[in-house]
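The structure appears below as structure tokens.
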There are 2 protein chains.
Amino acid sequence: MIAKKKINIYDVARIANVSTATVSRVLNNQSSVSPETRRKVQEAIKQLNYRPSAIARGLVLKHTKTVGILATDITAPNYARTACAMERELFQIGYNAILCNTGGSIENNKTYLQMLVNLGVCGIICIGSVFKNTLQETLMLSEFSHVPFVLSHCQIPADNTYSVVIDEMHGVQLCVEHLKEKGHKDILYVKDADTYSGERKKAAFKENMARLGLPITDKSIFNTYRSFEGGIAVVKEILASGARFSAIIFGDDITAAGGLFALKKAGYKVPQDVAIIGYNNSPSSICCDPQLTTVDNKTDIMGNLSVKLLQTVIEGKETTRLLSVTPELIVREST
Amino acid sequence: MIAKKKINIYDVARIANVSTATVSRVLNNQSSVSPETRRKVQEAIKQLNYRPSAIARGLVLKHTKTVGILATDITAPNYARTACAMERELFQIGYNAILCNTGGSIENNKTYLQMLVNLGVCGIICIGSVFKNTLQETLMLSEFSHVPFVLSHCQIPADNTYSVVIDEMHGVQLCVEHLKEKGHKDILYVKDADTYSGERKKAAFKENMARLGLPITDKSIFNTYRSFEGGIAVVKEILASGARFSAIIFGDDITAAGGLFALKKAGYKVPQDVAIIGYNNSPSSICCDPQLTTVDNKTDIMGNLSVKLLQTVIEGKETTRLLSVTPELIVREST
DNA sequence: TTGTAGGCGTTATCAG
DNA sequence: CTGATAACGCCTACAA
């Protein structure tokens with residue numbers, strides 16, 4: 001196949017017998033062009049199957065119609081769902097999404113940020129509280145001061161950042177309250193992520209246990225890493241520790257699934273002997289037997305709101321700096 | 001914060017006391033520049049914290065250093081993992097990935113393709129056989145003929161396409177053989193996707209059943225939609241149909257998980273009464289009780305190879321049009 | 001309403 | 001080895 005020369009605005013102008021300025025006007029549908037001329041131009045465009053180059057346009061406008069989405073790990077179901085929702089929404093309003101999977105290293109984060117800016121993004125959305133540190137130091141750089149940031153699940157004090165967060169402390173509160181209603185007293189919490197959000201959930205656990213007059217000791221909180229194996233490991237640790245418990249809240253469904261596995265192997269019946277709650281309402285939570293009670297993080301809403309927020313900022317309108325979404329407890333068989 | 005003027009190549013040239021041409025040379029580290037000059041320029045770059053504009057560069061080079069990744073649904077674990085692997089690999093070799101979640105509509109697909117081309121991508125990777133139809137008709141358009149396509153899980157006859165596929169027929173073969181070894185005769189297959197790949201898996205099932213002398217009737221194959229609910233529904237249908245079976249192969253883990261759920265509710269013991277095999281080795285497969293035997297699709301390898309292939313094509317080197325990867329059976333508790 | 005022309009930030013071609 | 005300078009494709013005053 002012969003590589004045809006890329007058609008440009010001059011070709012269209014020539015065919016339509018007008019100037020490039022006029023073509024540009026109908027492209028960006030400005031008012032000041034007569035219906036007749038407009039028609040001619042549109043015809044030429046269609047005939048040549050012309051598409052304006054986003055790059056050339058970007059060069060003069062100082063930005064391309066794109067926004068960058070930074071996530072540490074698209075493989076995590078709730079990040080994936082959030083990113084998906086954002087992407088969909090962005091597409092609707094005519095933006096391209098550049099989805100980046102940073103892997104979490106602070107060096108990578110910076111590089112990606114730099115790349116995005118060089119590509120002329122109109123804004124950047126970061127999913128997850130992992131970005132707190134990177135952003136904290138990076139956003140001070142003047143090169144980033146002109147691009148608006150929307151942080152999903154994270155807040156930092158900088159002029160050009162806007163946040164939409166989920167009230168995870170409330171999510172944990174729901175868990176504790178639910179378990180108390182079910183008659184549980186000895187509740188354990190498994191923290192499975194060393195992030196800002198992980199800390200907040202843990203804090204919420206302590207707070208609410210205290211508030212409801214439930215016992216909290218130095219054997220009430222255990223740590224592990226977010227994964228099926230991490231869940232197994234922490235349950236072994238719990239069992240070995242001799243801690244009393246009739247219920248465990250895990251930081252994520254996949255960790256809970258591992259924990260459930262280990263508990264069953266150890267001869268415990270769930271929920272009769274011990275109740276279990278996961279977090280994030282992932283596909284895995286429904287595959288467990290018993291199916292996991294969990295907290296839904298409203299990924300779609302988070303995604304949509306993030307994009308809406310960014311849009312109003314890009315358009316220069318006045319808006320709030322912070323939006324907060326309320327999670328929901330999904331009660332299933334494990335409690 | 002005062003929005004500082006974006007620093008450009010002229011600023012650097014001025015500070016370093018050379019021409020922009022020279023700056024450009026050190027930027028792209030061409031050989032023909034004296035060590036002393038190079039040093040001066042690099043110093044100026046660092047001093048000003050200068051970053052070349054990818055857009056301006058793109059305008060003259062006719063491409064930005066980016067590649068587009070098209071996927072129908074990042075929410076599906078194995079697409080997510082594949083995309084992740086690609087992204088990582090791409091980043092390594094200095095490319096930006098523009099990850100697009102098309103949702104599967106043929107219209108969307110086209111729009112995305114167009115967007116990517118307008119953004120000056122160096123290549124496009126499509127994940128999934130869903131793109132077969134879109135691409136079939138779209139790639140004939142001359143506007144796409146200059147950009148190389150790498151199709152993951154898909155093949156179409158066009159000059160500028162290269163494929164890396166997984167031998168899914170072999171995957172199904174492994175399932176059937178494994179089941180036969182375990183003494184099963186009455187094996188059912190559940191097709192849960194109306195894609196090219198879905199068809200191939202079904203075909204492979206028939207082929208291998210016949211080859212191994214196992215019975216195949218009009219009640220050997222059932223259809224549903226890929227999801228937990230789809231799995232439940234199809235098992236109900238199977239039960240109602242009166243089909244004989246001692247094992248079921250599902251098109252995906254999540255569907256298998258639903259099927260497992262329904263089977264257990266109906267009083268079947270797995271794997272004693274009926275064996276179950278899933279597909280894709282997703283996190284869900286490990287959360288099931290019993291844990292699912294499944295087929296690993298080698299997402300990392302698929303991702304890496306796709307990128308490597310694209311890279312050699314972009315670099316204009318000679319290469320194969322087709323790469324095939326072999327899946328692996330992961331035997332767990334459900335068989 | 002329409003056209004002319006300059007500029008956006010790089011790279012690449014040619015001279016020196 | 002280095003420096004002018006013309007593209008690249010589009011937008012936008014400024015003029016007509």
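Naming scheme: A, B, ... for chains in displayed order of the structure tokens; residues 1 onward per chain; ligands 1 onward as shown.
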
Quiz item: Skipping near chain neighbours, those fewer than 3 positions away, what residues fall within 12 Å of Tyr10 of chain B using only C-alpha atoms (C1' of nucleotides), listed as JSON, numbers by chain?
Solution: {"B": [6, 7, 13, 14, 15, 16, 17, 18, 19, 20, 21, 22, 23, 24, 41, 44, 45, 48, 50, 52], "C": [9, 10]}

Exercise. Pick out the residues sitting within 9 Å of Glu177 of chain A, and hand them over as a list in words; count only C-alpha atoms (C1' of nucleotides), and ignore anything fewer than 3 positions along from it in its own chain.
Key: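 Using only C-alpha atoms (C1' of nucleotides), the neighbours found are Val172, Gln173, Leu174, Lys180, Glu181, Lys182, Asn208, Met209 and Leu212 of chain A.
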
Any chance you could export the current selection's N, CA and C atoms as an mmCIF file, in the first residue's frame?
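The file below, out-v1.cif, is the result:
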```cif
data_model
loop_
_atom_site.group_PDB
_atom_site.id
_atom_site.type_symbol
_atom_site.label_atom_id
_atom_site.label_comp_id
_atom_site.auth_asym_id
_atom_site.auth_seq_id
_atom_site.Cartn_x
_atom_site.Cartn_y
_atom_site.Cartn_z
ATOM 1 N N VAL A 172 -14.928 1.990 57.683
ATOM 2 C CA VAL A 172 -14.508 1.130 58.786
ATOM 3 C C VAL A 172 -15.527 1.204 59.926
ATOM 4 N N GLN A 173 -16.036 2.390 60.129
ATOM 5 C CA GLN A 173 -17.064 2.561 61.161
ATOM 6 C C GLN A 173 -18.247 1.629 60.890
ATOM 7 N N LEU A 174 -18.666 1.593 59.655
ATOM 8 C CA LEU A 174 -19.783 0.723 59.285
ATOM 9 C C LEU A 174 -19.478 -0.728 59.638
ATOM 10 N N LYS A 180 -20.677 -5.208 65.813
ATOM 11 C CA LYS A 180 -21.203 -5.067 67.170
ATOM 12 C C LYS A 180 -22.671 -5.501 67.217
ATOM 13 N N GLU A 181 -23.426 -5.047 66.230
ATOM 14 C CA GLU A 181 -24.832 -5.444 66.144
ATOM 15 C C GLU A 181 -24.985 -6.957 66.120
ATOM 16 N N LYS A 182 -24.049 -7.590 65.459
ATOM 17 C CA LYS A 182 -24.098 -9.050 65.364
ATOM 18 C C LYS A 182 -23.631 -9.701 66.663
ATOM 19 N N ASN A 208 -13.412 3.818 66.556
ATOM 20 C CA ASN A 208 -14.771 3.304 66.664
ATOM 21 C C ASN A 208 -14.898 2.186 67.684
ATOM 22 N N MET A 209 -13.852 1.412 67.827
ATOM 23 C CA MET A 209 -13.871 0.392 68.876
ATOM 24 C C MET A 209 -14.027 1.089 70.231
ATOM 25 N N LEU A 212 -17.464 2.669 70.778
ATOM 26 C CA LEU A 212 -18.535 1.722 71.059
ATOM 27 C C LEU A 212 -18.256 0.884 72.304
#
```

What are the closest atom pairs, with distances in Å to one decimal, for each residue of chain B lying within 8 Å of chain D, using only C-alpha atoms (C1' of nucleotides), rows by chain and rising residue number, as JSON lines?
```
{"residue": "B:Ser19", "atom": "CA", "partner": "D:DG3", "partner_atom": "C1'", "distance": 6.1}
{"residue": "B:Ala21", "atom": "CA", "partner": "D:DG3", "partner_atom": "C1'", "distance": 7.2}
{"residue": "B:Thr22", "atom": "CA", "partner": "D:DT2", "partner_atom": "C1'", "distance": 7.0}
{"residue": "B:Ser32", "atom": "CA", "partner": "D:DC1", "partner_atom": "C1'", "distance": 6.1}
{"residue": "B:Val33", "atom": "CA", "partner": "D:DC1", "partner_atom": "C1'", "distance": 5.8}
{"residue": "B:Ser34", "atom": "CA", "partner": "D:DC1", "partner_atom": "C1'", "distance": 6.7}
{"residue": "B:Leu59", "atom": "CA", "partner": "D:DC8", "partner_atom": "C1'", "distance": 5.2}
{"residue": "B:Val60", "atom": "CA", "partner": "D:DC8", "partner_atom": "C1'", "distance": 4.5}
{"residue": "B:Leu61", "atom": "CA", "partner": "D:DC8", "partner_atom": "C1'", "distance": 7.8}
{"residue": "B:Lys62", "atom": "CA", "partner": "D:DC8", "partner_atom": "C1'", "distance": 7.6}
```

Can you list every residue of chain A that has an atom at most 8 Å from chain B, with its nearest atom pair and the distance in Å to one decimal, using only C-alpha atoms, ordered by chain then number, as JSON lines?
```
{"residue": "A:Met1", "atom": "CA", "partner": "B:Ser145", "partner_atom": "CA", "distance": 7.2}
{"residue": "A:Ala3", "atom": "CA", "partner": "B:His146", "partner_atom": "CA", "distance": 6.2}
{"residue": "A:Lys4", "atom": "CA", "partner": "B:Ser142", "partner_atom": "CA", "distance": 7.0}
{"residue": "A:Lys6", "atom": "CA", "partner": "B:Glu143", "partner_atom": "CA", "distance": 7.6}
{"residue": "A:Arg51", "atom": "CA", "partner": "B:Asn118", "partner_atom": "CA", "distance": 7.2}
{"residue": "A:Pro52", "atom": "CA", "partner": "B:Asn118", "partner_atom": "CA", "distance": 7.1}
{"residue": "A:Ser53", "atom": "CA", "partner": "B:Asn118", "partner_atom": "CA", "distance": 5.1}
{"residue": "A:Ala54", "atom": "CA", "partner": "B:Leu119", "partner_atom": "CA", "distance": 5.3}
{"residue": "A:Ile55", "atom": "CA", "partner": "B:Ile55", "partner_atom": "CA", "distance": 5.8}
{"residue": "A:Ala56", "atom": "CA", "partner": "B:Leu59", "partner_atom": "CA", "distance": 5.8}
{"residue": "A:Gly58", "atom": "CA", "partner": "B:Ile55", "partner_atom": "CA", "distance": 6.6}
{"residue": "A:Leu59", "atom": "CA", "partner": "B:Ala56", "partner_atom": "CA", "distance": 5.8}
{"residue": "A:Asp73", "atom": "CA", "partner": "B:Cys84", "partner_atom": "CA", "distance": 7.9}
{"residue": "A:Ile74", "atom": "CA", "partner": "B:Ala80", "partner_atom": "CA", "distance": 6.3}
{"residue": "A:Thr75", "atom": "CA", "partner": "B:Ala80", "partner_atom": "CA", "distance": 5.5}
{"residue": "A:Pro77", "atom": "CA", "partner": "B:Thr75", "partner_atom": "CA", "distance": 6.6}
{"residue": "A:Ala80", "atom": "CA", "partner": "B:Thr75", "partner_atom": "CA", "distance": 5.5}
{"residue": "A:Arg81", "atom": "CA", "partner": "B:Thr75", "partner_atom": "CA", "distance": 5.8}
{"residue": "A:Cys84", "atom": "CA", "partner": "B:Asn101", "partner_atom": "CA", "distance": 6.7}
{"residue": "A:Glu87", "atom": "CA", "partner": "B:Asn101", "partner_atom": "CA", "distance": 6.8}
{"residue": "A:Arg88", "atom": "CA", "partner": "B:Asn101", "partner_atom": "CA", "distance": 7.4}
{"residue": "A:Asn96", "atom": "CA", "partner": "B:Met115", "partner_atom": "CA", "distance": 7.6}
{"residue": "A:Ala97", "atom": "CA", "partner": "B:Ile98", "partner_atom": "CA", "distance": 6.8}
{"residue": "A:Ile98", "atom": "CA", "partner": "B:Ile98", "partner_atom": "CA", "distance": 4.5}
{"residue": "A:Leu99", "atom": "CA", "partner": "B:Leu99", "partner_atom": "CA", "distance": 5.2}
{"residue": "A:Cys100", "atom": "CA", "partner": "B:Ala97", "partner_atom": "CA", "distance": 7.0}
{"residue": "A:Asn101", "atom": "CA", "partner": "B:Cys84", "partner_atom": "CA", "distance": 6.7}
{"residue": "A:Met115", "atom": "CA", "partner": "B:Asn96", "partner_atom": "CA", "distance": 7.6}
{"residue": "A:Asn118", "atom": "CA", "partner": "B:Ser53", "partner_atom": "CA", "distance": 5.2}
{"residue": "A:Leu119", "atom": "CA", "partner": "B:Ala54", "partner_atom": "CA", "distance": 5.3}
{"residue": "A:Gly120", "atom": "CA", "partner": "B:Ile55", "partner_atom": "CA", "distance": 7.1}
{"residue": "A:Ser142", "atom": "CA", "partner": "B:Lys4", "partner_atom": "CA", "distance": 7.0}
{"residue": "A:Glu143", "atom": "CA", "partner": "B:Lys6", "partner_atom": "CA", "distance": 7.7}
{"residue": "A:Ser145", "atom": "CA", "partner": "B:Ala3", "partner_atom": "CA", "distance": 6.9}
{"residue": "A:His146", "atom": "CA", "partner": "B:Ala3", "partner_atom": "CA", "distance": 6.4}
{"residue": "A:Asp159", "atom": "CA", "partner": "B:Met1", "partner_atom": "CA", "distance": 8.0}
{"residue": "A:Ile254", "atom": "CA", "partner": "B:Cys287", "partner_atom": "CA", "distance": 7.8}
{"residue": "A:Ala257", "atom": "CA", "partner": "B:Cys287", "partner_atom": "CA", "distance": 5.8}
{"residue": "A:Gly258", "atom": "CA", "partner": "B:Cys287", "partner_atom": "CA", "distance": 7.3}
{"residue": "A:Phe261", "atom": "CA", "partner": "B:Cys287", "partner_atom": "CA", "distance": 7.8}
{"residue": "A:Pro283", "atom": "CA", "partner": "B:Ser284", "partner_atom": "CA", "distance": 6.7}
{"residue": "A:Ser284", "atom": "CA", "partner": "B:Ser284", "partner_atom": "CA", "distance": 4.7}
{"residue": "A:Ser285", "atom": "CA", "partner": "B:Cys287", "partner_atom": "CA", "distance": 8.0}
{"residue": "A:Cys287", "atom": "CA", "partner": "B:Cys288", "partner_atom": "CA", "distance": 5.4}
{"residue": "A:Cys288", "atom": "CA", "partner": "B:Cys288", "partner_atom": "CA", "distance": 5.2}
{"residue": "A:Asp289", "atom": "CA", "partner": "B:Asp289", "partner_atom": "CA", "distance": 6.1}
```

Kindly assemble as JSON lines a list of the chain C residues that lie within 7 Å of chain A, each paired with its nearest atom pair and their distance in Å to one decimal, using only C-alpha atoms (C1' of nucleotides), sorted first by chain and then by ascending residue number.
```
{"residue": "C:DT1", "atom": "C1'", "partner": "A:Val33", "partner_atom": "CA", "distance": 5.9}
{"residue": "C:DG3", "atom": "C1'", "partner": "A:Ser19", "partner_atom": "CA", "distance": 6.2}
{"residue": "C:DC8", "atom": "C1'", "partner": "A:Val60", "partner_atom": "CA", "distance": 4.5}
```

Output the selection as a tab-separated table (two decimals), in the first residue's frame - C-alpha atoms (C1' of nucleotides) for each residue.
```
chain	number	residue	atom	x	y	z
C	1	DT	C1'	-17.24	37.59	6.31
C	3	DG	C1'	-7.62	36.47	3.80
C	8	DC	C1'	4.20	27.94	18.55
```

Quiz item: What's the 10 Å shell around Cys154 of chain B, counting only C-alpha atoms (C1' of nucleotides), without same-chain residues fewer than 6 positions away, as a PyMOL selection string?
Solution: chain B and resi 126-132+162-166+196-197+322

Any chance you could export the current selection's N, CA and C atoms as an mmCIF file, in the first residue's frame?
```cif
data_model
loop_
_atom_site.group_PDB
_atom_site.id
_atom_site.type_symbol
_atom_site.label_atom_id
_atom_site.label_comp_id
_atom_site.auth_asym_id
_atom_site.auth_seq_id
_atom_site.Cartn_x
_atom_site.Cartn_y
_atom_site.Cartn_z
ATOM 1 N N CYS B 126 -3.558 -3.690 20.109
ATOM 2 C CA CYS B 126 -4.937 -3.998 20.482
ATOM 3 C C CYS B 126 -4.955 -5.298 21.269
ATOM 4 N N ILE B 127 -5.611 -5.273 22.405
ATOM 5 C CA ILE B 127 -5.700 -6.473 23.224
ATOM 6 C C ILE B 127 -7.071 -7.110 23.078
ATOM 7 N N GLY B 128 -7.103 -8.308 22.566
ATOM 8 C CA GLY B 128 -8.380 -9.011 22.498
ATOM 9 C C GLY B 128 -8.873 -9.232 21.087
ATOM 10 N N SER B 129 -9.613 -10.284 20.916
ATOM 11 C CA SER B 129 -10.075 -10.625 19.574
ATOM 12 C C SER B 129 -11.287 -9.809 19.178
ATOM 13 N N VAL B 130 -11.819 -9.031 20.102
ATOM 14 C CA VAL B 130 -12.972 -8.193 19.782
ATOM 15 C C VAL B 130 -12.678 -7.203 18.672
ATOM 16 N N PHE B 131 -11.410 -6.914 18.494
ATOM 17 C CA PHE B 131 -11.069 -5.884 17.531
ATOM 18 C C PHE B 131 -11.043 -6.393 16.098
ATOM 19 N N LYS B 132 -11.215 -7.685 15.981
ATOM 20 C CA LYS B 132 -11.140 -8.283 14.657
ATOM 21 C C LYS B 132 -12.017 -7.544 13.651
ATOM 22 N N TYR B 162 0.801 -7.076 12.962
ATOM 23 C CA TYR B 162 1.629 -8.147 13.483
ATOM 24 C C TYR B 162 0.884 -8.726 14.668
ATOM 25 N N SER B 163 1.009 -10.029 14.870
ATOM 26 C CA SER B 163 0.211 -10.625 15.934
ATOM 27 C C SER B 163 1.033 -11.396 16.934
ATOM 28 N N VAL B 164 0.605 -11.337 18.169
ATOM 29 C CA VAL B 164 1.121 -12.270 19.150
ATOM 30 C C VAL B 164 -0.093 -12.896 19.813
ATOM 31 N N VAL B 165 -0.192 -14.195 19.635
ATOM 32 C CA VAL B 165 -1.374 -14.896 20.115
ATOM 33 C C VAL B 165 -0.989 -15.954 21.139
ATOM 34 N N ILE B 166 -2.009 -16.347 21.885
ATOM 35 C CA ILE B 166 -1.783 -17.447 22.794
ATOM 36 C C ILE B 166 -2.508 -18.631 22.182
ATOM 37 N N TYR B 196 -14.072 -14.183 18.678
ATOM 38 C CA TYR B 196 -13.333 -15.104 17.849
ATOM 39 C C TYR B 196 -12.648 -16.137 18.734
ATOM 40 N N SER B 197 -12.059 -15.624 19.779
ATOM 41 C CA SER B 197 -11.346 -16.490 20.712
ATOM 42 C C SER B 197 -12.300 -17.484 21.375
ATOM 43 N N LEU B 322 3.969 -13.253 13.124
ATOM 44 C CA LEU B 322 3.171 -13.959 14.126
ATOM 45 C C LEU B 322 4.011 -14.640 15.194
#
```

DSSP-assigned alpha helix (DSSP H) members of segment 258-323 of chain A, reported as a JSON list (two decimals) with N, CA and C atoms, in the first residue's frame:
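Result file follows (out_20.json):
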```
[["chain", "number", "residue", "atom", "x", "y", "z"],
["A", 258, "GLY", "N", -7.57, -14.72, 51.55],
["A", 258, "GLY", "CA", -6.48, -15.55, 52.04],
["A", 258, "GLY", "C", -6.69, -15.92, 53.50],
["A", 259, "GLY", "N", -7.13, -14.92, 54.25],
["A", 259, "GLY", "CA", -7.39, -15.16, 55.66],
["A", 259, "GLY", "C", -8.48, -16.20, 55.85],
["A", 260, "LEU", "N", -9.52, -16.08, 55.07],
["A", 260, "LEU", "CA", -10.63, -17.03, 55.13],
["A", 260, "LEU", "C", -10.12, -18.45, 54.85],
["A", 261, "PHE", "N", -9.30, -18.54, 53.84],
["A", 261, "PHE", "CA", -8.72, -19.83, 53.45],
["A", 261, "PHE", "C", -7.98, -20.46, 54.63],
["A", 262, "ALA", "N", -7.13, -19.65, 55.25],
["A", 262, "ALA", "CA", -6.33, -20.15, 56.37],
["A", 262, "ALA", "C", -7.20, -20.53, 57.56],
["A", 263, "LEU", "N", -8.18, -19.70, 57.82],
["A", 263, "LEU", "CA", -9.09, -19.95, 58.93],
["A", 263, "LEU", "C", -9.83, -21.28, 58.74],
["A", 264, "LYS", "N", -10.30, -21.51, 57.53],
["A", 264, "LYS", "CA", -11.03, -22.75, 57.27],
["A", 264, "LYS", "C", -10.10, -23.95, 57.41],
["A", 265, "LYS", "N", -8.90, -23.81, 56.90],
["A", 265, "LYS", "CA", -7.94, -24.91, 57.01],
["A", 265, "LYS", "C", -7.66, -25.23, 58.48],
["A", 283, "PRO", "N", -14.39, -8.57, 42.69],
["A", 283, "PRO", "CA", -14.93, -9.83, 42.19],
["A", 283, "PRO", "C", -14.56, -10.99, 43.11],
["A", 284, "SER", "N", -13.38, -10.95, 43.67],
["A", 284, "SER", "CA", -12.95, -12.03, 44.54],
["A", 284, "SER", "C", -13.87, -12.21, 45.73],
["A", 285, "SER", "N", -14.42, -11.12, 46.21],
["A", 285, "SER", "CA", -15.24, -11.18, 47.43],
["A", 285, "SER", "C", -16.46, -12.04, 47.23],
["A", 286, "ILE", "N", -16.91, -12.12, 46.01],
["A", 286, "ILE", "CA", -18.13, -12.87, 45.72],
["A", 286, "ILE", "C", -17.80, -14.33, 45.42],
["A", 287, "CYS", "N", -16.55, -14.60, 45.14],
["A", 287, "CYS", "CA", -16.15, -15.97, 44.81],
["A", 287, "CYS", "C", -15.85, -16.79, 46.06],
["A", 299, "THR", "N", -16.49, 3.07, 43.15],
["A", 299, "THR", "CA", -15.47, 3.44, 42.17],
["A", 299, "THR", "C", -16.03, 4.27, 41.01],
["A", 300, "ASP", "N", -17.20, 3.91, 40.55],
["A", 300, "ASP", "CA", -17.77, 4.66, 39.43],
["A", 300, "ASP", "C", -18.00, 6.12, 39.79],
["A", 301, "ILE", "N", -18.59, 6.30, 40.95],
["A", 301, "ILE", "CA", -18.87, 7.67, 41.38],
["A", 301, "ILE", "C", -17.57, 8.44, 41.57],
["A", 302, "MET", "N", -16.60, 7.78, 42.17],
["A", 302, "MET", "CA", -15.30, 8.43, 42.36],
["A", 302, "MET", "C", -14.72, 8.88, 41.02],
["A", 303, "GLY", "N", -14.78, 7.97, 40.06],
["A", 303, "GLY", "CA", -14.23, 8.28, 38.74],
["A", 303, "GLY", "C", -14.97, 9.43, 38.08],
["A", 304, "ASN", "N", -16.28, 9.34, 38.11],
["A", 304, "ASN", "CA", -17.07, 10.39, 37.48],
["A", 304, "ASN", "C", -16.82, 11.75, 38.10],
["A", 305, "LEU", "N", -16.88, 11.78, 39.41],
["A", 305, "LEU", "CA", -16.70, 13.06, 40.10],
["A", 305, "LEU", "C", -15.32, 13.65, 39.83],
["A", 306, "SER", "N", -14.32, 12.79, 39.83],
["A", 306, "SER", "CA", -12.96, 13.28, 39.58],
["A", 306, "SER", "C", -12.89, 14.00, 38.24],
["A", 307, "VAL", "N", -13.49, 13.37, 37.24],
["A", 307, "VAL", "CA", -13.44, 13.97, 35.91],
["A", 307, "VAL", "C", -14.25, 15.27, 35.86],
["A", 308, "LYS", "N", -15.41, 15.23, 36.45],
["A", 308, "LYS", "CA", -16.24, 16.45, 36.47],
["A", 308, "LYS", "C", -15.50, 17.60, 37.14],
["A", 309, "LEU", "N", -14.88, 17.27, 38.23],
["A", 309, "LEU", "CA", -14.14, 18.29, 38.97],
["A", 309, "LEU", "C", -13.02, 18.86, 38.11],
["A", 310, "LEU", "N", -12.28, 17.96, 37.51],
["A", 310, "LEU", "CA", -11.19, 18.41, 36.66],
["A", 310, "LEU", "C", -11.71, 19.30, 35.53],
["A", 311, "GLN", "N", -12.81, 18.87, 34.97],
["A", 311, "GLN", "CA", -13.38, 19.63, 33.86],
["A", 311, "GLN", "C", -13.69, 21.07, 34.27],
["A", 312, "THR", "N", -14.35, 21.22, 35.41],
["A", 312, "THR", "CA", -14.69, 22.58, 35.79],
["A", 312, "THR", "C", -13.45, 23.40, 36.08],
["A", 313, "VAL", "N", -12.43, 22.75, 36.62],
["A", 313, "VAL", "CA", -11.19, 23.48, 36.87],
["A", 313, "VAL", "C", -10.54, 23.90, 35.56],
["A", 314, "ILE", "N", -10.50, 22.98, 34.62],
["A", 314, "ILE", "CA", -9.91, 23.30, 33.33],
["A", 314, "ILE", "C", -10.65, 24.45, 32.66]]
```

Quiz item: Can you list, as a PyMOL selection string, every residue of segment 56-296 of chain A that DSSP puts in strand (DSSP E)?
Solution: chain A and resi 66-71+96-101+123-127+149-152+161-166+187-191+221-223+247-250+275-277+294-296

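Going from atom CA of Ile221 of chain A over to atom CA of Thr72 of chain A, you cover 25.8 Å.
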
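Non-sequential neighbours of Asp167 of chain A (distance at most 7 Å, separation of 2 or more positions within a chain, only C-alpha atoms (C1' of nucleotides)) are Val165, Met169, His170, Gly171, Ser324, Val325, Thr326 and Pro327 of chain A.
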
Using C-alpha atoms, can you export the residues from the last selection as an mmCIF file, in the first residue's frame?
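Output saved as out.cif:
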```cif
data_model
loop_
_atom_site.group_PDB
_atom_site.id
_atom_site.type_symbol
_atom_site.label_atom_id
_atom_site.label_comp_id
_atom_site.auth_asym_id
_atom_site.auth_seq_id
_atom_site.Cartn_x
_atom_site.Cartn_y
_atom_site.Cartn_z
ATOM 1 C CA VAL A 165 -11.979 11.254 48.498
ATOM 2 C CA MET A 169 -13.031 6.103 58.125
ATOM 3 C CA HIS A 170 -16.760 5.915 57.763
ATOM 4 C CA GLY A 171 -16.362 2.656 55.876
ATOM 5 C CA SER A 324 -16.233 13.418 49.706
ATOM 6 C CA VAL A 325 -18.079 10.238 48.816
ATOM 7 C CA THR A 326 -19.679 7.844 51.281
ATOM 8 C CA PRO A 327 -18.890 4.132 51.032
#
```

Quiz prompt | Point-to-point distance in Å for atom CA of Leu70 of chain B and atom CA of Leu151 of chain B | solution = 9.6 Å

Exercise. Take atom CA of Gly278 of chain B and atom CA of Asp194 of chain B and report the distance between them in Å, one decimal.
Key: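 So the two atoms, atom CA of Gly278 of chain B and atom CA of Asp194 of chain B, lie 17.0 Å apart.
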